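Student: So that you have it, the file is run_24.csv, and it contains CSV, C-alpha atoms:
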chain,number,residue,atom,x,y,z
A,1,LEU,CA,135.4,59.3,126.3
A,2,ASP,CA,133.4,56.9,128.4
A,3,GLU,CA,133.9,53.5,126.7
A,4,SER,CA,130.7,52.3,128.3
A,5,ASN,CA,128.7,54.7,126.0
A,6,TYR,CA,130.8,54.6,122.8
A,7,LEU,CA,132.1,51.6,120.8
A,8,ARG,CA,134.8,52.8,118.4
A,9,VAL,CA,135.9,55.7,116.1
A,10,VAL,CA,134.1,55.5,112.7
A,11,SER,CA,135.8,58.4,110.9
A,12,MET,CA,137.9,61.5,111.5
A,13,ILE,CA,139.2,64.6,109.7
A,14,MET,CA,141.2,67.8,110.3
A,15,HIS,CA,139.3,71.0,109.4
A,16,LYS,CA,140.8,74.4,109.9
A,17,GLY,CA,143.4,73.0,112.3
A,18,GLU,CA,140.8,71.2,114.4
A,19,LEU,CA,140.0,67.5,114.7
A,20,TYR,CA,136.5,66.2,114.2
A,21,PHE,CA,135.6,62.5,114.7
A,22,SER,CA,132.6,60.3,114.9
A,23,VAL,CA,132.0,57.3,117.1
A,24,PHE,CA,129.3,54.6,117.2
A,25,ASN,CA,127.1,54.7,120.3
A,26,ARG,CA,127.3,51.5,122.4
A,27,GLN,CA,124.3,49.5,123.6
A,28,GLY,CA,124.8,46.2,125.4
A,29,GLY,CA,128.4,46.0,124.3
A,30,LEU,CA,127.5,46.3,120.6
A,31,ILE,CA,126.8,49.1,118.1
A,32,SER,CA,123.5,50.8,118.9
A,33,LEU,CA,121.5,49.8,115.9
A,34,PHE,CA,118.1,51.1,116.9
A,35,LEU,CA,118.6,53.5,119.9
A,36,ASN,CA,117.8,57.1,118.8
A,37,GLU,CA,118.6,56.3,115.1
A,38,PRO,CA,119.8,53.3,113.1
A,39,MET,CA,123.6,53.1,113.4
A,40,SER,CA,123.4,55.6,116.2
A,41,GLY,CA,126.6,57.7,116.7
A,42,THR,CA,128.0,60.8,118.3
A,43,LEU,CA,130.1,63.5,116.6
A,44,PHE,CA,132.9,65.2,118.5
A,45,LYS,CA,135.4,68.1,118.0
A,46,LEU,CA,138.6,67.9,120.0
A,47,ASP,CA,138.9,71.2,121.8
A,48,ASN,CA,142.0,71.9,123.9
A,49,GLY,CA,142.4,68.2,124.5
A,50,ARG,CA,138.8,67.6,125.4
A,51,ALA,CA,136.1,66.1,123.2
A,52,SER,CA,133.1,68.4,122.7
A,53,ASP,CA,129.8,67.0,121.4
A,54,MET,CA,129.1,68.6,118.0
A,55,SER,CA,126.4,66.2,116.8
A,56,GLY,CA,123.5,68.7,116.6
A,57,GLN,CA,120.9,67.1,114.3
A,58,ILE,CA,123.3,64.3,113.2
A,59,LYS,CA,122.1,61.2,115.1
A,60,ARG,CA,124.0,58.5,113.1
A,61,GLY,CA,127.6,57.5,112.9
A,62,VAL,CA,129.5,59.5,110.2
A,63,LEU,CA,130.6,57.2,107.4
A,64,SER,CA,133.0,59.8,105.9
A,65,PHE,CA,134.0,63.5,106.3
A,66,TYR,CA,135.3,65.9,103.6
A,67,SER,CA,136.9,69.3,104.0
A,68,ASP,CA,137.9,71.6,101.2
A,69,GLY,CA,139.5,74.0,103.7
A,70,LYS,CA,136.5,76.3,103.7
A,71,ASN,CA,133.5,73.9,104.3
A,72,LEU,CA,133.2,70.7,106.2
A,73,PHE,CA,130.8,68.0,105.1
A,74,ALA,CA,129.6,64.7,106.8
A,75,ILE,CA,128.0,61.7,105.2
A,76,THR,CA,126.1,59.5,107.7
A,77,HIS,CA,125.2,55.8,107.6
A,78,ILE,CA,122.0,54.7,106.0
A,79,ASN,CA,121.3,58.2,104.5
A,80,GLY,CA,122.1,61.9,105.1
A,81,VAL,CA,124.5,64.5,103.9
A,82,TYR,CA,125.4,67.5,106.1
A,83,MET,CA,127.4,70.7,105.9
A,84,LEU,CA,128.7,72.6,108.9
A,85,ASP,CA,127.2,76.1,109.0
A,86,GLY,CA,128.9,78.0,111.8
A,87,LYS,CA,128.4,75.6,114.8
A,88,GLU,CA,125.4,73.8,113.4
A,89,TRP,CA,125.0,71.0,110.9
A,90,LYS,CA,122.7,71.7,107.9
A,91,ASP,CA,121.1,68.8,106.1
A,92,ILE,CA,121.8,69.3,102.4
A,93,SER,CA,120.3,65.9,101.3
A,94,ARG,CA,116.6,66.7,101.5
A,95,MET,CA,116.3,66.8,97.6
A,96,LEU,CA,118.3,63.5,97.2
A,97,PRO,CA,116.9,60.0,96.9
A,98,ASP,CA,116.3,58.1,100.1
A,99,MET,CA,119.5,56.0,100.1
A,100,GLY,CA,123.1,55.8,101.4
A,101,PHE,CA,126.0,57.8,99.9
A,102,SER,CA,129.8,57.0,100.0
A,103,ASN,CA,131.8,60.2,99.6
A,104,LEU,CA,131.9,63.7,98.2
A,105,ILE,CA,134.3,66.3,96.9
A,106,THR,CA,134.0,70.0,95.9
A,107,ASP,CA,135.6,71.6,93.0
A,108,GLU,CA,137.2,75.1,92.5
A,109,ASN,CA,133.7,76.5,91.8
A,110,ASP,CA,132.3,75.1,95.1
A,111,HIS,CA,130.2,72.6,93.2
A,112,ILE,CA,129.6,69.4,95.2
A,113,TYR,CA,130.0,65.9,93.6
A,114,LEU,CA,128.4,63.1,95.7
A,115,THR,CA,128.7,59.4,95.0
A,116,GLY,CA,125.7,57.0,95.5
A,117,GLY,CA,126.4,54.1,97.9
A,118,CYS,CA,123.9,51.8,99.5
A,119,ASP,CA,120.3,51.0,98.7
A,120,VAL,CA,119.7,48.7,101.6
A,121,ASP,CA,118.0,49.8,104.8
A,122,ILE,CA,118.6,48.6,108.3
A,123,TYR,CA,116.4,45.6,107.8
A,124,GLY,CA,118.2,44.5,104.6
A,125,GLU,CA,115.5,45.6,102.2
A,126,GLN,CA,116.0,47.7,99.0
A,127,ARG,CA,114.6,51.2,99.2
A,128,ILE,CA,114.8,52.1,95.5
A,129,GLY,CA,115.8,49.1,93.5
A,130,ASP,CA,117.1,51.1,90.5
A,131,SER,CA,120.9,50.9,89.8
A,132,ASN,CA,120.7,54.0,87.6
A,133,ILE,CA,119.7,56.0,90.7
A,134,VAL,CA,121.8,54.2,93.3
A,135,ASN,CA,125.0,54.1,91.3
A,136,GLN,CA,124.7,57.7,90.3
A,137,ILE,CA,127.1,60.7,90.9
A,138,TYR,CA,125.1,63.7,92.0
A,139,LEU,CA,126.1,67.3,91.4
A,140,SER,CA,124.9,70.4,93.2
A,141,ARG,CA,125.9,73.9,92.2
A,142,ASP,CA,124.1,75.6,95.2
A,143,PHE,CA,125.1,73.7,98.3
A,144,GLY,CA,122.4,71.1,98.1
A,145,LYS,CA,119.3,73.1,97.1
A,146,ILE,CA,119.2,71.3,93.7
A,147,TRP,CA,120.9,68.1,92.7
A,148,GLU,CA,121.3,66.5,89.2
A,149,GLY,CA,122.6,63.2,88.1
A,150,LEU,CA,125.9,63.3,86.1
A,151,LEU,CA,126.0,59.7,84.8
A,152,ASP,CA,124.2,58.5,81.7
A,153,GLY,CA,123.0,55.0,82.6
A,154,ASN,CA,125.1,52.9,84.9
A,155,PRO,CA,128.7,53.1,83.4
A,156,PHE,CA,130.4,51.6,86.5
A,157,ASP,CA,127.9,48.8,87.0
A,158,SER,CA,128.4,49.5,90.7
A,159,GLY,CA,128.5,52.4,93.1
A,160,ALA,CA,131.5,54.7,93.2
A,161,LYS,CA,133.2,54.3,96.6
A,162,GLN,CA,135.4,57.3,96.1
A,163,ILE,CA,135.7,60.1,93.6
A,164,ILE,CA,138.9,62.3,93.6
A,165,GLN,CA,139.9,65.3,91.5
A,166,HIS,CA,143.4,65.4,90.0
A,167,PRO,CA,145.6,67.8,91.9
A,168,SER,CA,146.4,70.1,89.0
A,169,ASN,CA,144.1,69.2,86.1
A,170,LYS,CA,140.7,70.0,87.6
A,171,LYS,CA,138.8,68.5,84.7
A,172,VAL,CA,140.1,65.0,85.5
A,173,PHE,CA,138.3,62.8,88.0
A,174,PHE,CA,139.1,59.3,89.3
A,175,ALA,CA,136.4,57.0,90.6
A,176,ALA,CA,137.1,53.9,92.7
A,177,THR,CA,134.5,51.2,92.2
A,178,SER,CA,133.9,47.5,92.8
A,179,ASN,CA,134.8,47.0,89.1
A,180,GLY,CA,138.1,48.9,89.2
A,181,LEU,CA,139.2,52.4,88.4
A,182,PHE,CA,137.4,54.8,86.1
A,183,VAL,CA,138.8,58.1,84.8
A,184,SER,CA,136.9,61.1,83.5
A,185,LYS,CA,138.5,64.0,81.6
A,186,ASP,CA,135.4,66.2,81.5
A,187,LYS,CA,134.4,66.5,85.2
A,188,GLY,CA,132.4,63.3,85.3
A,189,LYS,CA,130.3,63.5,82.2
A,190,THR,CA,132.0,60.5,80.5
A,191,TRP,CA,134.3,57.8,81.9
A,192,GLN,CA,137.0,55.3,80.7
A,193,GLN,CA,137.8,52.1,82.6
A,194,GLU,CA,141.5,51.8,83.5
A,195,ASN,CA,142.1,48.3,84.7
A,196,ASN,CA,144.9,47.0,82.5
A,197,ASP,CA,147.3,45.0,84.8
A,198,LEU,CA,145.1,45.7,87.8
A,199,ASN,CA,144.8,42.1,89.1
A,200,PHE,CA,142.2,42.8,91.8
A,201,GLU,CA,139.5,45.2,90.8
A,202,ASN,CA,137.4,45.7,94.0
A,203,ILE,CA,138.7,49.0,95.2
A,204,GLY,CA,137.8,50.2,98.7
A,205,ALA,CA,140.2,53.2,99.1
A,206,MET,CA,142.1,55.5,96.8
A,207,VAL,CA,144.5,58.5,96.8
A,208,VAL,CA,145.7,60.5,93.8
A,209,GLY,CA,148.9,62.4,93.4
A,210,GLU,CA,150.2,64.4,90.4
A,211,ASN,CA,151.7,61.3,88.6
A,212,HIS,CA,150.4,58.3,90.5
A,213,VAL,CA,147.1,56.8,91.8
A,214,TYR,CA,147.1,54.3,94.7
A,215,ALA,CA,144.3,51.8,95.1
A,216,GLY,CA,143.6,49.9,98.3
A,217,THR,CA,141.6,46.8,97.3
A,218,LEU,CA,139.1,44.8,99.4
A,219,GLY,CA,141.4,41.8,100.0
A,220,GLY,CA,143.9,42.1,97.2
A,221,GLY,CA,146.5,44.5,98.6
A,222,VAL,CA,147.5,48.0,97.5
A,223,TYR,CA,148.3,48.8,93.9
A,224,SER,CA,150.3,51.7,92.4
A,225,GLY,CA,149.4,53.1,89.0
A,226,ARG,CA,151.4,55.6,86.9
A,227,ILE,CA,149.2,58.4,85.4
A,228,GLU,CA,150.2,58.8,81.8
A,229,SER,CA,150.1,62.1,79.8
A,230,ASP,CA,146.7,61.1,78.4
A,231,TYR,CA,145.5,60.2,81.9
A,232,SER,CA,145.4,56.5,81.2
A,233,VAL,CA,146.8,54.5,84.1
A,234,LYS,CA,149.6,51.9,84.0
A,235,TRP,CA,149.4,49.6,87.0
A,236,SER,CA,152.2,47.9,88.9
A,237,LYS,CA,151.8,44.6,90.8
A,238,SER,CA,150.8,44.8,94.5
A,239,SER,CA,153.3,44.1,97.2
A,240,GLY,CA,150.7,44.1,100.0
A,241,PRO,CA,149.6,44.7,102.6
A,242,TYR,CA,147.0,41.9,102.8
A,243,PRO,CA,144.9,42.4,105.9
A,244,TYR,CA,142.8,39.7,107.4
A,245,ILE,CA,139.8,42.2,107.3
A,246,TYR,CA,139.3,44.0,104.1
A,247,ASP,CA,139.4,47.6,105.4
A,248,ILE,CA,142.4,49.5,103.9
A,249,LYS,CA,142.7,53.2,104.3
A,250,LEU,CA,145.3,55.2,102.3
A,251,MET,CA,146.9,58.7,102.7
A,252,LEU,CA,149.7,60.5,100.9
A,253,ASP,CA,152.2,62.7,102.7
A,254,PRO,CA,151.2,66.2,101.6
A,255,GLU,CA,154.8,67.3,101.6
A,256,ASP,CA,156.3,64.1,100.1
A,257,PRO,CA,154.1,62.4,97.5
A,258,ARG,CA,156.5,59.5,97.4
A,259,SER,CA,155.4,58.5,100.9
A,260,LEU,CA,152.3,56.5,101.1
A,261,TYR,CA,150.6,55.3,104.3
A,262,ALA,CA,148.2,52.4,104.5
A,263,SER,CA,146.2,51.2,107.5
A,264,SER,CA,144.0,48.1,108.1
A,265,TYR,CA,142.0,46.6,110.9
A,266,PRO,CA,143.4,44.3,112.0
A,267,GLY,CA,146.9,44.5,110.4
A,268,GLY,CA,148.3,47.8,111.6
A,269,VAL,CA,149.8,50.9,109.8
A,270,PHE,CA,152.2,50.6,106.9
A,271,LYS,CA,154.5,53.1,105.1
A,272,SER,CA,155.9,52.9,101.6
A,273,VAL,CA,158.6,55.4,100.3
A,274,ASP,CA,159.0,53.9,96.8
Is it possible to express this structure as structure tokens?
Tutor:
Amino acid sequence: LDESNYLRVVSMIMHKGELYFSVFNRQGGLISLFLNEPMSGTLFKLDNGRASDMSGQIKRGVLSFYSDGKNLFAITHINGVYMLDGKEWKDISRMLPDMGFSNLITDENDHIYLTGGCDVDIYGEQRIGDSNIVNQIYLSRDFGKIWEGLLDGNPFDSGAKQIIQHPSNKKVFFAATSNGLFVSKDKGKTWQQENNDLNFENIGAMVVGENHVYAGTLGGGVYSGRIESDYSVKWSKSSGPYPYIYDIKLMLDPEDPRSLYASSYPGGVFKSVD
């Protein structure tokens, strides 16, 4: 890529054996805030070692991707949720509130669960001002034609930065929030906070295995929690890493769930096998 046009990679994902990644557009050496779209970005697919522009109608940097093996989704900065339809991106957020979103998952029935994220626009102004709407988890059973809110009130007292389904018990969801970990045993209808012995509750990243959950906090290290038979979580103390910038990403080795990878910027890449 021409570094004079692009600043850095924002997010990436493997989907059906192909790598998709999003970069911020560059303007005057900085992120392009107002050129084309706020938080302007370009989406590429790596094709035989060459990056092919796959942006289509996506004009902003992609905050997060999600692939369930069948469908690929992209959530963009400020607002916008898209699903790849053939070679084109389809906007599935038209019936959603005008706000930012954090991440999504799909379940075994192809239902989409989408977490509310940010209410602030590019000028720092609130667009909605209602935490019951902004901190909601939205459910669609028809690929975005109709959305409904799952949460009654504001149980997290913050937005959910990530929601993950348990690998084998599909009724159990885990939610990473600014106020710690919440667990649902009924697919998101009700939630229980699981923060005992979690000494730093502001979670920015999370992965879930069969018997453990790992939480990357925003400044407090990475914590390991053992998932009990009733799906409560018993946390162990963190042994790091403690990055200078609070941007930890986590990933489990799909063939060895004892191997955990953590990255931070700056800070590097770390591996734990215990």
Student: Please compute the atom CA of A:Phe173-atom CA of A:Tyr231 distance, one decimal, in Å.
Tutor: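 According to the coordinates, atom CA of A:Phe173 and atom CA of A:Tyr231 are separated by 9.8 Å.
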Student: Calculate how many Å separate atom CA of A:Pro155 from atom CA of A:Val62, rounding to one decimal.
Tutor: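 Atom CA of A:Val62 lies 27.6 Å from atom CA of A:Pro155.
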Student: Please indicate the distance in Å from atom CA of A:Asp230 to atom CA of A:Ser67, rounded to one decimal place.
Tutor: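 Atom CA of A:Ser67 lies 28.6 Å from atom CA of A:Asp230.
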Student: Near A:Thr115, within 6 Å and counting all atoms listed in the file, which residues show up once chain neighbours fewer than 3 positions away are dropped, as an MDAnalysis selection string?
Tutor: chainID A and resid 101:103 137 160
Student: For a cut-off of 12 Å around (138.5, 58.4, 85.8), file coordinates, pick out all residues using only C-alpha atoms and list them as a count of residues only.
Tutor: 40
Student: Would you list the contacts of A:Tyr6 as a PyMOL selection string, taking every protein, DNA or RNA residue within 7 Å and counting only C-alpha atoms, but skipping same-chain residues closer than 2 positions in sequence?
Tutor: chain A and resi 2-4+8+23-26
Student: I need the residue nearest A:Pro38 from this list: A:Asn169, A:Ser229, A:Asn154, A:Asn79. Use all atoms listed in the file for the distance.
Tutor: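 Among the listed residues, A:Asn79 lies closest to A:Pro38.
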Student: With all atoms listed in the file as the basis for distance, which of A:Met95, A:Glu210, A:Ser131, A:Thr217 is at the shortest distance from A:Asp256?
Tutor: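 Closest to A:Asp256, using all atoms listed in the file: A:Glu210.
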Student: Taking into account only C-alpha atoms, which residue in the set A:Asn109, A:Ser178, A:Gln27, A:Ser158 is nearest to A:Asn5?
Tutor: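 Of A:Asn109, A:Ser178, A:Gln27, A:Ser158, the one nearest A:Asn5, counting only C-alpha atoms, is A:Gln27.
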Student: List as a PyMOL selection string the residues having at least one atom at most 6 Å from position (129.5, 62.6, 114.0) as given in the file, counting all atoms listed in the file.
Tutor: chain A and resi 22+42-43+55+61-62
Student: Check the smallest atom-to-atom distance from each of A:Asn71, A:Arg127, A:Arg94, A:Lys59 to A:Lys16 using all atoms listed in the file, then report the winner.
Tutor: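 Checking each of A:Asn71, A:Arg127, A:Arg94, A:Lys59 against A:Lys16, counting all atoms listed in the file, the winner is A:Asn71.
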Student: Could you check which of A:Ala215, A:Leu63, A:Ile146, A:Leu19 is closest to A:Tyr261, using all atoms listed in the file?
Tutor: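 The answer is A:Ala215, which sits nearest to A:Tyr261.
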Student: With the input short on atoms, add N, CA, C and O atoms back to stretch 194-217 of chain A and write it as a compact mmCIF listing (two decimals), keeping the file's coordinate frame.
Tutor:
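Printed below is result.txt as written:
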# COMPACT_ATOMS: atom_id res chain seq x y z
N GLU A 194 140.06 51.96 83.54
CA GLU A 194 141.50 51.80 83.50
C GLU A 194 141.98 50.71 84.39
O GLU A 194 142.49 50.93 85.48
N ASN A 195 141.79 49.46 83.91
CA ASN A 195 142.10 48.30 84.70
C ASN A 195 143.17 47.40 84.17
O ASN A 195 143.41 46.32 84.73
N ASN A 196 143.84 47.80 83.10
CA ASN A 196 144.90 47.00 82.50
C ASN A 196 145.98 46.70 83.57
O ASN A 196 146.56 47.65 84.12
N ASP A 197 146.25 45.42 83.84
CA ASP A 197 147.30 45.00 84.80
C ASP A 197 146.83 45.21 86.26
O ASP A 197 147.64 45.01 87.18
N LEU A 198 145.60 45.64 86.48
CA LEU A 198 145.10 45.70 87.80
C LEU A 198 144.44 44.36 88.15
O LEU A 198 143.34 44.06 87.69
N ASN A 199 145.15 43.55 88.93
CA ASN A 199 144.80 42.10 89.10
C ASN A 199 143.62 41.93 90.07
O ASN A 199 143.06 40.84 90.13
N PHE A 200 143.31 42.93 90.87
CA PHE A 200 142.20 42.80 91.80
C PHE A 200 141.42 44.12 91.74
O PHE A 200 141.93 45.18 92.08
N GLU A 201 140.19 44.03 91.24
CA GLU A 201 139.50 45.20 90.80
C GLU A 201 138.56 45.85 91.87
O GLU A 201 138.07 46.97 91.69
N ASN A 202 138.30 45.15 92.95
CA ASN A 202 137.40 45.70 94.00
C ASN A 202 138.09 46.66 94.86
O ASN A 202 138.74 46.30 95.84
N ILE A 203 137.98 47.96 94.53
CA ILE A 203 138.70 49.00 95.20
C ILE A 203 137.89 49.59 96.34
O ILE A 203 136.74 49.95 96.15
N GLY A 204 138.50 49.67 97.52
CA GLY A 204 137.80 50.20 98.70
C GLY A 204 138.31 51.59 99.09
O GLY A 204 137.62 52.33 99.78
N ALA A 205 139.58 51.92 98.71
CA ALA A 205 140.20 53.20 99.10
C ALA A 205 141.12 53.65 97.99
O ALA A 205 141.69 52.82 97.27
N MET A 206 141.31 54.96 97.87
CA MET A 206 142.10 55.50 96.80
C MET A 206 142.69 56.85 97.17
O MET A 206 142.03 57.64 97.85
N VAL A 207 143.93 57.12 96.77
CA VAL A 207 144.50 58.50 96.80
C VAL A 207 145.13 58.76 95.47
O VAL A 207 145.59 57.84 94.78
N VAL A 208 145.17 60.04 95.11
CA VAL A 208 145.70 60.50 93.80
C VAL A 208 146.72 61.55 94.00
O VAL A 208 146.46 62.56 94.67
N GLY A 209 147.91 61.34 93.43
CA GLY A 209 148.90 62.40 93.40
C GLY A 209 149.05 62.93 91.98
O GLY A 209 148.24 62.62 91.10
N GLU A 210 150.06 63.74 91.76
CA GLU A 210 150.20 64.40 90.40
C GLU A 210 150.46 63.33 89.35
O GLU A 210 149.89 63.43 88.26
N ASN A 211 151.27 62.31 89.64
CA ASN A 211 151.70 61.30 88.60
C ASN A 211 151.29 59.90 88.94
O ASN A 211 151.58 59.01 88.15
N HIS A 212 150.71 59.67 90.11
CA HIS A 212 150.40 58.30 90.50
C HIS A 212 149.01 58.25 91.18
O HIS A 212 148.57 59.21 91.81
N VAL A 213 148.37 57.10 91.03
CA VAL A 213 147.10 56.80 91.80
C VAL A 213 147.41 55.51 92.56
O VAL A 213 148.06 54.58 92.06
N TYR A 214 146.95 55.47 93.81
CA TYR A 214 147.10 54.30 94.70
C TYR A 214 145.76 53.77 95.04
O TYR A 214 144.89 54.53 95.47
N ALA A 215 145.58 52.45 94.88
CA ALA A 215 144.30 51.80 95.10
C ALA A 215 144.43 50.76 96.21
O ALA A 215 145.24 49.82 96.07
N GLY A 216 143.67 50.90 97.29
CA GLY A 216 143.60 49.90 98.30
C GLY A 216 142.39 48.98 98.02
O GLY A 216 141.25 49.44 98.02
N THR A 217 142.64 47.72 97.72
CA THR A 217 141.60 46.80 97.30
C THR A 217 140.98 46.11 98.53
O THR A 217 141.58 46.06 99.60
